[in-house]
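So this block is final_9.txt, compact mmCIF, C-alpha atoms and all ligand atoms:
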# COMPACT_ATOMS: atom_id res chain seq x y z
CA MET A 1 -53.05 -60.27 -20.73
CA LYS A 2 -49.83 -59.83 -22.60
CA LYS A 3 -51.56 -57.88 -25.33
CA THR A 4 -53.26 -55.60 -22.83
CA HIS A 5 -49.92 -54.87 -21.19
CA LEU A 6 -48.34 -53.99 -24.49
CA ILE A 7 -51.17 -51.62 -25.37
CA THR A 8 -50.90 -49.92 -21.97
CA ILE A 9 -47.15 -49.46 -22.37
CA VAL A 10 -47.48 -48.06 -25.86
CA ALA A 11 -50.21 -45.71 -24.69
CA LEU A 12 -48.05 -44.50 -21.79
CA LEU A 13 -45.07 -43.95 -24.04
CA LEU A 14 -47.21 -41.97 -26.45
CA LEU A 15 -48.55 -39.83 -23.64
CA LEU A 16 -45.07 -39.28 -22.33
CA GLY A 17 -43.88 -38.41 -25.78
CA ILE A 18 -46.67 -35.89 -26.22
CA GLY A 19 -45.82 -34.47 -22.79
CA ILE A 20 -42.16 -34.04 -23.71
CA ASN A 21 -43.07 -32.41 -26.97
CA PHE A 22 -45.52 -30.15 -25.25
CA ASN A 23 -42.98 -29.11 -22.63
CA GLY A 24 -40.29 -28.63 -25.22
CA ALA A 25 -42.50 -26.30 -27.17
CA THR A 26 -43.34 -23.98 -24.29
CA ALA A 27 -40.47 -24.05 -21.73
CA LYS A 28 -37.02 -22.53 -22.14
CA LYS A 29 -34.33 -24.98 -23.08
CA ALA A 30 -32.06 -25.71 -20.15
CA PRO A 31 -28.39 -25.02 -20.93
CA VAL A 32 -26.61 -28.15 -21.97
CA LYS A 33 -24.15 -29.22 -19.33
CA THR A 34 -20.82 -30.31 -20.61
CA ASN A 35 -17.35 -30.92 -19.32
CA ILE A 36 -15.74 -29.44 -22.36
CA VAL A 37 -13.95 -26.21 -21.46
CA THR A 38 -13.95 -23.75 -24.28
CA THR A 39 -11.22 -21.15 -24.10
CA PRO A 40 -11.73 -18.20 -26.37
CA PRO A 41 -9.08 -18.02 -29.06
CA PRO A 42 -6.23 -15.63 -28.15
CA PRO A 43 -6.90 -12.16 -29.55
CA VAL A 44 -5.13 -11.59 -32.82
CA PRO A 45 -2.36 -9.01 -32.28
CA HIS A 46 -2.92 -5.72 -34.04
CA PRO A 47 -1.30 -5.75 -37.48
CA ASP A 48 0.60 -2.56 -36.66
CA PRO A 49 3.50 -3.73 -34.42
CA SER A 50 3.58 -0.41 -32.54
CA ILE A 51 -0.09 -0.62 -31.67
CA ALA A 52 0.26 -4.30 -30.80
CA ALA A 53 3.11 -3.41 -28.43
CA PHE A 54 1.06 -0.54 -26.99
CA GLN A 55 -1.79 -2.92 -26.21
CA GLU A 56 0.58 -5.32 -24.43
CA MET A 57 2.26 -2.54 -22.47
CA MET A 58 -1.09 -1.16 -21.35
CA LYS A 59 -1.98 -4.49 -19.71
CA VAL A 60 0.59 -3.48 -17.10
CA VAL A 61 0.52 0.31 -17.12
CA ALA A 62 -3.25 0.42 -16.61
CA HIS A 63 -3.20 -2.38 -14.04
CA LYS A 64 -4.25 -1.64 -10.44
CA ARG A 65 -0.71 -2.35 -9.19
CA CYS A 66 0.31 0.80 -11.06
CA VAL A 67 -2.84 2.93 -11.03
CA ASN A 68 -3.36 2.60 -7.25
CA CYS A 69 -0.45 5.03 -6.85
CA HIS A 70 -1.38 7.16 -9.87
CA PRO A 71 -4.61 8.48 -8.34
CA ALA A 72 -6.68 11.29 -9.78
CA GLY A 73 -6.65 13.09 -6.43
CA ASP A 74 -4.36 13.31 -3.43
CA ARG A 75 -5.13 9.98 -1.84
CA PRO A 76 -3.53 6.75 -2.96
CA HIS A 77 -5.59 3.62 -3.42
CA GLN A 78 -4.79 0.11 -2.29
CA GLY A 79 -5.90 -3.47 -2.59
CA GLU A 80 -7.42 -5.53 -5.36
CA ASP A 81 -10.56 -3.39 -5.18
CA SER A 82 -8.50 -0.18 -5.30
CA HIS A 83 -10.17 1.29 -2.25
CA VAL A 84 -8.92 4.62 -0.94
CA HIS A 85 -5.82 3.97 1.18
CA ASN A 86 -6.66 3.39 4.83
CA PHE A 87 -5.66 5.79 7.61
CA GLY A 88 -6.43 8.89 5.54
CA VAL A 89 -2.92 9.01 4.10
CA GLN A 90 -2.28 11.78 1.60
CA ARG A 91 0.17 12.76 -1.10
CA GLY A 92 1.72 15.71 0.80
CA GLU A 93 3.91 18.29 -0.89
CA ASP A 94 6.17 15.95 -2.82
CA GLY A 95 4.19 12.74 -3.22
CA HIS A 96 5.99 11.15 -0.28
CA GLY A 97 3.21 11.76 2.23
CA THR A 98 2.53 14.49 4.78
CA VAL A 99 5.43 15.79 6.89
CA ALA A 100 5.10 13.35 9.78
CA LEU A 101 3.13 10.63 8.04
CA LYS A 102 5.35 9.82 5.12
CA CYS A 103 4.99 6.77 2.93
CA SER A 104 8.21 5.59 4.59
CA THR A 105 6.54 5.57 8.01
CA CYS A 106 5.25 2.17 6.91
CA HIS A 107 6.64 1.36 3.45
CA GLN A 108 10.32 0.40 3.30
CA LYS A 109 12.65 -0.48 0.43
CA GLU A 110 11.17 -3.94 -0.04
CA ASN A 111 8.01 -5.86 0.65
CA ASN A 112 7.49 -6.90 4.24
CA ASP A 113 5.66 -10.18 3.95
CA PHE A 114 5.30 -10.48 7.73
CA SER A 115 3.27 -7.31 8.15
CA GLY A 116 1.89 -7.40 4.61
CA VAL A 117 3.14 -3.89 3.88
CA PRO A 118 4.44 -3.59 0.31
CA GLY A 119 7.72 -1.82 -0.32
CA ALA A 120 10.16 -0.79 -3.02
CA PRO A 121 12.84 1.89 -3.35
CA HIS A 122 11.46 5.47 -3.19
CA TRP A 123 7.91 4.31 -2.58
CA HIS A 124 5.72 7.34 -3.32
CA LEU A 125 2.81 8.65 -5.34
CA ALA A 126 3.09 9.69 -8.95
CA PRO A 127 2.67 13.46 -9.38
CA ARG A 128 -0.80 14.92 -9.87
CA SER A 129 -0.11 15.42 -13.59
CA MET A 130 0.33 11.66 -13.85
CA GLY A 131 -3.01 10.84 -12.27
CA TRP A 132 -4.20 7.94 -14.43
CA GLU A 133 -7.17 6.87 -12.38
CA GLY A 134 -10.26 6.88 -14.59
CA LEU A 135 -8.33 7.53 -17.82
CA SER A 136 -8.55 5.39 -20.94
CA HIS A 137 -5.42 3.70 -22.28
CA ARG A 138 -5.08 6.39 -24.91
CA GLU A 139 -5.45 9.16 -22.34
CA ILE A 140 -2.83 7.56 -20.10
CA ALA A 141 -0.38 7.32 -22.99
CA LEU A 142 -1.06 10.90 -24.08
CA ALA A 143 -0.42 12.14 -20.53
CA MET A 144 2.68 9.96 -20.20
CA THR A 145 4.24 11.34 -23.38
CA ASP A 146 3.24 14.97 -22.80
CA THR A 147 6.41 16.78 -21.69
CA GLU A 148 4.27 19.42 -19.98
CA LYS A 149 2.95 16.69 -17.70
CA ASN A 150 5.77 14.17 -17.49
CA GLY A 151 8.47 16.43 -16.12
CA GLY A 152 10.04 17.10 -19.54
CA ARG A 153 10.93 13.47 -20.21
CA SER A 154 11.76 12.29 -23.71
CA ILE A 155 10.21 9.08 -25.00
CA GLU A 156 13.51 7.28 -24.33
CA GLU A 157 13.53 8.53 -20.75
CA ILE A 158 9.96 7.33 -20.33
CA ALA A 159 10.93 3.92 -21.65
CA LYS A 160 13.84 3.80 -19.18
CA HIS A 161 11.52 4.71 -16.30
CA LEU A 162 8.95 2.14 -17.39
CA THR A 163 11.45 -0.67 -17.81
CA GLU A 164 14.10 0.00 -15.13
CA ASP A 165 12.62 1.87 -12.19
CA PRO A 166 12.40 -0.64 -9.32
CA LEU A 167 9.19 1.02 -8.10
CA VAL A 168 7.54 0.37 -11.47
CA LEU A 169 8.87 -3.18 -11.65
CA TRP A 170 7.58 -3.85 -8.13
CA ALA A 171 4.25 -4.55 -9.88
CA PHE A 172 5.67 -7.95 -10.88
CA GLU A 173 6.76 -8.84 -7.35
CA PRO A 174 4.02 -7.31 -5.26
CA GLY A 175 4.41 -9.66 -2.28
CA LEU A 176 1.80 -10.76 0.21
CA ASN A 177 -1.01 -8.64 1.58
CA HIS A 178 -1.92 -8.22 5.27
CA GLU A 179 -3.74 -11.56 5.19
CA GLY A 180 -0.75 -13.37 3.72
CA VAL A 181 -2.42 -13.65 0.31
CA PRO A 182 -0.28 -12.91 -2.77
CA ARG A 183 -1.23 -9.64 -4.44
CA GLU A 184 -2.52 -9.92 -7.98
CA LYS A 185 0.14 -9.42 -10.61
CA PRO A 186 -0.34 -7.85 -14.06
CA PRO A 187 -1.51 -10.37 -16.64
CA ILE A 188 1.77 -10.57 -18.57
CA SER A 189 5.30 -11.31 -17.41
CA LYS A 190 7.89 -8.67 -16.61
CA GLU A 191 9.95 -9.81 -19.60
CA ALA A 192 7.00 -9.57 -22.00
CA TYR A 193 6.15 -6.12 -20.61
CA ILE A 194 9.70 -4.79 -20.95
CA GLU A 195 9.88 -6.13 -24.49
CA ALA A 196 6.55 -4.50 -25.31
CA VAL A 197 7.64 -1.09 -23.98
CA LYS A 198 10.87 -1.22 -25.96
CA LYS A 199 9.09 -2.35 -29.10
CA TRP A 200 6.49 0.40 -28.73
CA VAL A 201 9.18 3.08 -28.52
CA GLU A 202 11.28 1.57 -31.36
CA THR A 203 8.26 1.48 -33.64
CA GLY A 204 7.31 5.09 -33.16
CA ALA A 205 5.33 4.93 -29.90
CA LYS A 206 1.98 5.05 -31.66
CA ILE A 207 -1.07 5.78 -29.57
CA PRO A 208 -4.14 4.26 -31.20
CA GLU A 209 -7.52 5.99 -31.43
CA GLU A 210 -10.17 4.44 -29.25
CA MET B 211 23.46 -10.87 10.60
CA LYS B 212 25.23 -8.24 12.70
CA ILE B 213 23.46 -4.90 12.78
CA SER B 214 24.80 -1.79 14.50
CA PHE B 215 22.94 1.40 15.24
CA ASN B 216 22.60 4.15 17.77
CA ILE B 217 19.57 3.95 20.02
CA ASN B 218 18.66 6.64 22.55
CA GLY B 219 22.24 7.89 22.40
CA GLU B 220 23.96 4.54 22.84
CA THR B 221 25.67 2.45 20.19
CA LYS B 222 24.32 -1.08 20.03
CA SER B 223 25.11 -4.15 17.97
CA VAL B 224 22.78 -7.08 17.63
CA ASP B 225 23.11 -10.36 15.81
CA VAL B 226 19.70 -11.31 14.40
CA ASP B 227 17.98 -12.42 11.24
CA GLY B 228 17.88 -9.24 9.16
CA GLN B 229 14.14 -9.65 8.58
CA THR B 230 13.34 -9.53 12.30
CA PRO B 231 11.00 -6.62 12.95
CA LEU B 232 12.98 -3.87 14.65
CA LEU B 233 10.21 -3.81 17.27
CA TRP B 234 11.29 -7.23 18.54
CA VAL B 235 14.95 -6.22 18.62
CA ILE B 236 14.02 -3.19 20.69
CA ARG B 237 11.73 -5.04 23.07
CA ASP B 238 13.23 -8.50 23.39
CA ILE B 239 16.93 -8.00 22.82
CA LEU B 240 17.50 -4.47 24.04
CA ASP B 241 14.81 -4.83 26.70
CA LEU B 242 13.21 -1.47 26.01
CA LYS B 243 9.59 -2.30 26.70
CA GLY B 244 8.11 1.16 26.18
CA THR B 245 7.47 0.54 22.51
CA LYS B 246 4.37 -1.59 22.15
CA PHE B 247 3.08 -4.27 19.82
CA GLY B 248 -0.47 -3.77 18.64
CA CYS B 249 -1.33 -5.06 15.20
CA GLY B 250 2.01 -6.04 13.64
CA LYS B 251 0.68 -4.75 10.32
CA ALA B 252 1.62 -1.07 10.41
CA ALA B 253 -2.00 -0.24 11.03
CA CYS B 254 -2.27 1.04 14.61
CA GLY B 255 0.92 3.01 15.27
CA THR B 256 1.59 1.88 18.82
CA CYS B 257 5.05 0.68 17.78
CA THR B 258 6.07 4.11 16.43
CA ILE B 259 9.70 5.10 16.96
CA HIS B 260 12.00 7.57 15.22
CA VAL B 261 14.58 6.48 12.69
CA ASP B 262 16.85 9.37 11.77
CA GLY B 263 14.23 11.71 13.18
CA GLU B 264 11.31 10.36 11.13
CA ALA B 265 8.34 8.46 12.53
CA VAL B 266 8.53 4.78 11.63
CA ARG B 267 6.30 1.87 12.57
CA SER B 268 8.81 -0.57 13.92
CA CYS B 269 6.63 -3.67 13.59
CA SER B 270 7.01 -3.38 9.84
CA PHE B 271 10.65 -2.26 9.73
CA ALA B 272 13.14 -5.05 9.09
CA ALA B 273 16.05 -4.86 11.51
CA LYS B 274 18.57 -4.86 8.64
CA PHE B 275 17.36 -1.38 7.64
CA ALA B 276 18.45 -0.06 11.05
CA GLU B 277 22.13 -0.43 10.18
CA GLY B 278 23.93 2.85 10.93
CA LYS B 279 20.72 4.67 11.88
CA GLU B 280 19.90 6.98 14.78
CA ILE B 281 16.95 5.48 16.60
CA THR B 282 14.85 7.04 19.33
CA THR B 283 12.23 5.21 21.35
CA ILE B 284 9.86 6.57 23.97
CA GLU B 285 12.56 5.90 26.59
CA GLY B 286 14.89 8.25 24.74
CA LEU B 287 12.54 11.24 24.37
CA SER B 288 14.01 12.57 27.58
CA THR B 289 15.93 10.75 30.27
CA ASP B 290 15.94 13.65 32.69
CA GLU B 291 12.88 13.77 34.92
CA ASN B 292 13.56 17.42 35.64
CA ASN B 293 13.76 18.27 32.02
CA LEU B 294 10.98 16.38 30.30
CA HIS B 295 10.36 16.49 26.60
CA PRO B 296 7.47 18.91 25.86
CA VAL B 297 5.35 15.98 24.71
CA GLN B 298 5.90 14.16 28.01
CA GLN B 299 5.18 17.30 29.99
CA ALA B 300 2.00 18.03 28.04
CA TRP B 301 0.82 14.42 28.35
CA ILE B 302 1.18 14.65 32.14
CA GLU B 303 -0.56 18.02 32.33
CA GLU B 304 -3.50 16.90 30.23
CA ILE B 305 -3.67 13.48 31.93
CA VAL B 306 -4.00 11.88 28.50
CA PRO B 307 -3.67 8.11 28.98
CA GLN B 308 -6.53 5.80 29.80
CA CYS B 309 -5.11 2.26 29.66
CA GLY B 310 -1.95 3.77 28.21
CA TYR B 311 -1.12 1.07 25.70
CA CYS B 312 -1.26 3.24 22.61
CA GLN B 313 0.34 6.27 24.20
CA PRO B 314 4.06 5.69 23.50
CA GLY B 315 3.25 5.46 19.79
CA PHE B 316 1.13 8.59 19.87
CA MET B 317 3.79 10.48 21.78
CA MET B 318 6.49 9.48 19.30
CA ALA B 319 4.25 10.39 16.36
CA THR B 320 3.53 13.74 18.02
CA ALA B 321 7.22 14.41 18.67
CA ALA B 322 7.92 13.70 14.99
CA LEU B 323 5.15 16.10 13.97
CA LEU B 324 6.43 18.87 16.25
CA ASN B 325 9.89 18.47 14.74
CA LYS B 326 8.40 19.40 11.39
CA ILE B 327 5.57 21.71 12.40
CA PRO B 328 6.27 23.30 15.80
CA LYS B 329 2.79 24.83 16.04
CA PRO B 330 0.44 22.38 14.31
CA THR B 331 -3.15 23.32 13.56
CA ASP B 332 -6.01 20.87 14.10
CA GLU B 333 -5.77 20.07 10.42
CA ASP B 334 -2.04 19.33 10.67
CA ILE B 335 -2.84 16.96 13.54
CA ASP B 336 -5.57 15.23 11.51
CA ASP B 337 -3.25 14.90 8.52
CA ASN B 338 -0.33 13.43 10.42
CA ILE B 339 -1.44 11.65 13.57
CA VAL B 340 -3.48 8.65 12.48
CA ASN B 341 -2.63 6.18 15.24
CA ILE B 342 -5.40 4.24 16.92
CA CYS B 343 -6.46 4.52 20.57
CA ARG B 344 -9.00 1.93 21.64
CA CYS B 345 -9.80 3.92 24.77
CA GLY B 346 -10.73 6.95 22.68
CA THR B 347 -8.40 9.50 24.25
CA TYR B 348 -8.24 11.46 21.01
CA TYR B 349 -9.79 14.58 22.48
CA ARG B 350 -7.26 14.78 25.30
CA MET B 351 -4.46 13.95 22.92
CA ARG B 352 -5.38 16.83 20.66
CA LYS B 353 -5.29 19.18 23.64
CA ALA B 354 -1.95 17.73 24.71
CA ILE B 355 -0.45 18.14 21.24
CA HIS B 356 -1.36 21.83 21.26
CA ARG B 357 -0.02 22.11 24.80
CA ALA B 358 3.25 20.42 23.80
CA ALA B 359 3.60 22.92 20.99
CA GLU B 360 3.11 25.71 23.49
CA ILE B 361 5.66 24.27 25.92
CA GLY B 362 8.38 23.33 23.61
CA GLY B 363 8.26 24.42 20.07
CA LYS B 364 10.83 22.63 18.01
CA THR B 365 12.71 19.75 19.62
CA ASN B 366 15.41 17.51 18.30
CA ALA B 367 13.99 14.28 19.61
S1 LIG A 401 2.04 -2.72 16.01
FE1 LIG A 401 3.04 -1.58 14.55
S2 LIG A 401 1.50 -0.34 13.72
FE2 LIG A 401 0.41 -1.68 15.05
S1 LIG A 402 -5.20 4.76 26.12
FE1 LIG A 402 -5.93 2.77 25.90
S2 LIG A 402 -5.57 2.37 23.80
FE2 LIG A 402 -5.16 4.45 23.98
Final structure tokens representation of the file:
Amino acid sequence: MKKTHLITIVALLLLLGIGINFNGATAKKAPVKTNIVTTPPPPVPHPDPSIAAFQEMMKVVAHKRCVNCHPAGDRPHQGEDSHVHNFGVQRGEDGHGTVALKCSTCHQKENNDFSGVPGAPHWHLAPRSMGWEGLSHREIALAMTDTEKNGGRSIEEIAKHLTEDPLVLWAFEPGLNHEGVPREKPPISKEAYIEAVKKWVETGAKIPEE
Amino acid sequence: MKISFNINGETKSVDVDGQTPLLWVIRDILDLKGTKFGCGKAACGTCTIHVDGEAVRSCSFAAKFAEGKEITTIEGLSTDENNLHPVQQAWIEEIVPQCGYCQPGFMMATAALLNKIPKPTDEDIDDNIVNICRCGTYYRMRKAIHRAAEIGGKTNA
């Protein structure tokens, strides 16, 4: 009896083994589940310090918190999905809205976390010539440094605007939205951004090819 | 904090948390109930008032920003029944309101528009009056806005 049992078990194991091999040969391998989290190594900064600084700066400049109010057309965007601003609001003559529906009808000097309406001093749209929506990083930088488009600003004046204007720096304190949820911030800190802008200008404000 | 401003021609001082929406100061402290609360998120416009002559949604306007300002609410458009503001007169003539809840905001938004554009076109109305009326009185409102322009032209409300 014992011998018979042993033979049966061995036979079953063999069959099973063949089955596994057969399955392994024809079916796709299931992904191996693991608890090990693999974070990709941080990208190596560009060897040229000006280009490295440019790449850091662009993480903010090209972020939705900035581009939402640098639209390609006459309507601002809003929200994490950058949808066209509700209520049909428009740029108006001076970027501050239409005559009786100005940005300041709703947006005040600071965020209103009760209503969820964001605010900062002189809340308004960037001029048409500074429409960054849909532009590459290089194209944004070329527009930003083009005195024909930037209101005749020197590179130093641009740096001042980028690092000191409270409306620009609002991006780092964007407050709560209408559902009480914090708005997404740019991926680097205000300090790192300001340092990057200054470094970029100091090192010749290079704009890399794409 | 103490906040002083002029409202409908009278100087008022209130002592409130500076973040209190101006709407609640107007309604609850100054007892001016004409200005309504709709959404509280600057989305519907029923709380529209004028601050230094500009349309502002008072539900989203912190009271501290009212310091030293000239404020007008629907009660202040005109206090003389024999000399109504053109917007009030037009609204009566065109029998605009249905339930009426949104109307003070629309009237204040219209008065602000007429201050800037005394004879607005339909496009001017579309570009500037974006309040919400749940009763759908938009058609009558448009007629009334044109009528108000006819009656009054520029006002200083
Ligand atoms: S209650 Fe202020 S806009 Fe709706
Ligand atoms: S009249 Fe009822 S909401 Fe406009």
Expected selection as a list in words for ligand LIG 402 (chain A) within 7 Å, all atoms listed in the file: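 Protein and nucleic-acid residues within 7 Å of ligand LIG 402 (chain A): Pro307, Gln308, Cys309, Gly310, Tyr311, Cys312, Gln313, Cys343, Arg344, Cys345, Gly346 and Thr347 of chain B.
Closest approach to ligand LIG 401 (chain A) from the set A:Lys190, A:Arg153, A:His107, A:Lys206 is made by A:His107, with distances taken over all atoms listed in the file.
Residues with any atom within 10 Å of His260 in chain B, counting only C-alpha atoms and excluding same-chain neighbours fewer than 6 positions away, are Thr105 of chain A; Ile217, Asn218, Val266, Arg267, Ser268, Lys279, Glu280, Ile281, Thr282, Thr283, Ile284, Gly286, Leu287, Met318, Ala319, Ala321, Ala322 and Ala367 of chain B.
Proximity ranking of A:Pro49, A:Gly79, A:Gly116, A:Gly92 relative to ligand LIG 401 (chain A) places A:Gly116 first, based on only C-alpha atoms and all ligand atoms.
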Can you work out which residues from chain B touch chain A at a cut-off of 7 Å (counting all atoms listed in the file) and hand them back as a PDB file with C-alpha atoms, keeping the file's coordinate frame?
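Full text of iface-v6.pdb as output:
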ATOM      1  CA  GLY B 250       2.010  -6.040  13.640  1.00  0.00           C
ATOM      2  CA  LYS B 251       0.680  -4.750  10.320  1.00  0.00           C
ATOM      3  CA  ALA B 252       1.620  -1.070  10.410  1.00  0.00           C
ATOM      4  CA  ALA B 265       8.340   8.460  12.530  1.00  0.00           C
ATOM      5  CA  VAL B 266       8.530   4.780  11.630  1.00  0.00           C
ATOM      6  CA  ARG B 267       6.300   1.870  12.570  1.00  0.00           C
ATOM      7  CA  SER B 270       7.010  -3.380   9.840  1.00  0.00           C
ATOM      8  CA  PHE B 271      10.650  -2.260   9.730  1.00  0.00           C
ATOM      9  CA  ALA B 322       7.920  13.700  14.990  1.00  0.00           C
ATOM     10  CA  LEU B 323       5.150  16.100  13.970  1.00  0.00           C
ATOM     11  CA  LYS B 326       8.400  19.400  11.390  1.00  0.00           C
ATOM     12  CA  ASP B 337      -3.250  14.900   8.520  1.00  0.00           C
ATOM     13  CA  ASN B 338      -0.330  13.430  10.420  1.00  0.00           C
ATOM     14  CA  VAL B 340      -3.480   8.650  12.480  1.00  0.00           C
TER      15      VAL B 340
END
Separation of CA of Ala196 in chain A from CA of Leu176 in chain A, in Å and rounded to one decimal: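 We find that CA of Ala196 in chain A and CA of Leu176 in chain A lie 26.7 Å from each other.
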Residues near Phe54 in chain A, cut-off 9 Å, all atoms listed in the file, skip fewer than 6 positions along chain, as a list in words: Ala141, Ala196, Val197, Lys199, Trp200, Ala205, Lys206, Ile207 and Pro208 of chain A
For CA of Asn341 in chain B and CA of Leu324 in chain B, the interatomic separation in Å (one decimal): 15.6 Å
Distance of CA of Cys254 in chain B from CA of Glu333 in chain B, expressed in Å to one decimal place: 19.8 Å
Given only C-alpha atoms and all ligand atoms as the counted atoms, nearest of B:Ile361, B:Thr256, B:Gln229, B:Lys222 to ligand LIG 401 (chain A): B:Thr256
Once you add 8 Å to each side, what are the centre and edge lengths of the axis-aligned box holding all listed atoms of ligand LIG 401 (chain A)? One decimal in Å, as JSON, if you can.
{"center_x": 1.7, "center_y": -1.5, "center_z": 14.9, "size_x": 18.6, "size_y": 18.4, "size_z": 18.3}
Selection as a ChimeraX atom specification: residues within 6 Å of (3.3, 15.3, -19.0), counting only C-alpha atoms: /A:143-150
Next, dump the selected residues to file, keeping only C-alpha atoms, as a PDB file, in the coordinates of the input.
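Dumped to out.pdb:
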ATOM      1  CA  ALA A 143      -0.420  12.140 -20.530  1.00  0.00           C
ATOM      2  CA  MET A 144       2.680   9.960 -20.200  1.00  0.00           C
ATOM      3  CA  THR A 145       4.240  11.340 -23.380  1.00  0.00           C
ATOM      4  CA  ASP A 146       3.240  14.970 -22.800  1.00  0.00           C
ATOM      5  CA  THR A 147       6.410  16.780 -21.690  1.00  0.00           C
ATOM      6  CA  GLU A 148       4.270  19.420 -19.980  1.00  0.00           C
ATOM      7  CA  LYS A 149       2.950  16.690 -17.700  1.00  0.00           C
ATOM      8  CA  ASN A 150       5.770  14.170 -17.490  1.00  0.00           C
TER       9      ASN A 150
END
Top pick for closest residue to Ala358 in chain B, considering B:Val261, B:Cys249, B:Leu240, B:Ile302 and counting only C-alpha atoms: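 Looking only at the distances to Ala358 in chain B, the closest residue turns out to be B:Ile302.
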Spatial neighbours of Gly228 in chain B, max dist 9 Å, all atoms listed in the file, sep filter under 4 positions, as a ChimeraX atom specification: /B:211-213,272-275
Neighbour list for Arg352 in chain B as a ChimeraX atom specification, cut-off 12 Å, only C-alpha atoms, skip fewer than 3 positions in-chain: /B:297,300-301,304-306,316-317,320,330-336,338-340,346-349,355-359
Pick from B:Leu294, B:Met351, B:Val226, B:Ile327, whichever lies nearest to Ile239 in chain B using all atoms listed in the file: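 Checking each of B:Leu294, B:Met351, B:Val226, B:Ile327 against Ile239 in chain B, counting all atoms listed in the file, the winner is B:Val226.
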Closest of A:Glu133, A:Glu157, A:Glu210, A:Asp48 to Val84 in chain A - atom-to-atom distances counting only C-alpha atoms: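 Ranked by minimum distance to Val84 in chain A, first place goes to A:Glu133.
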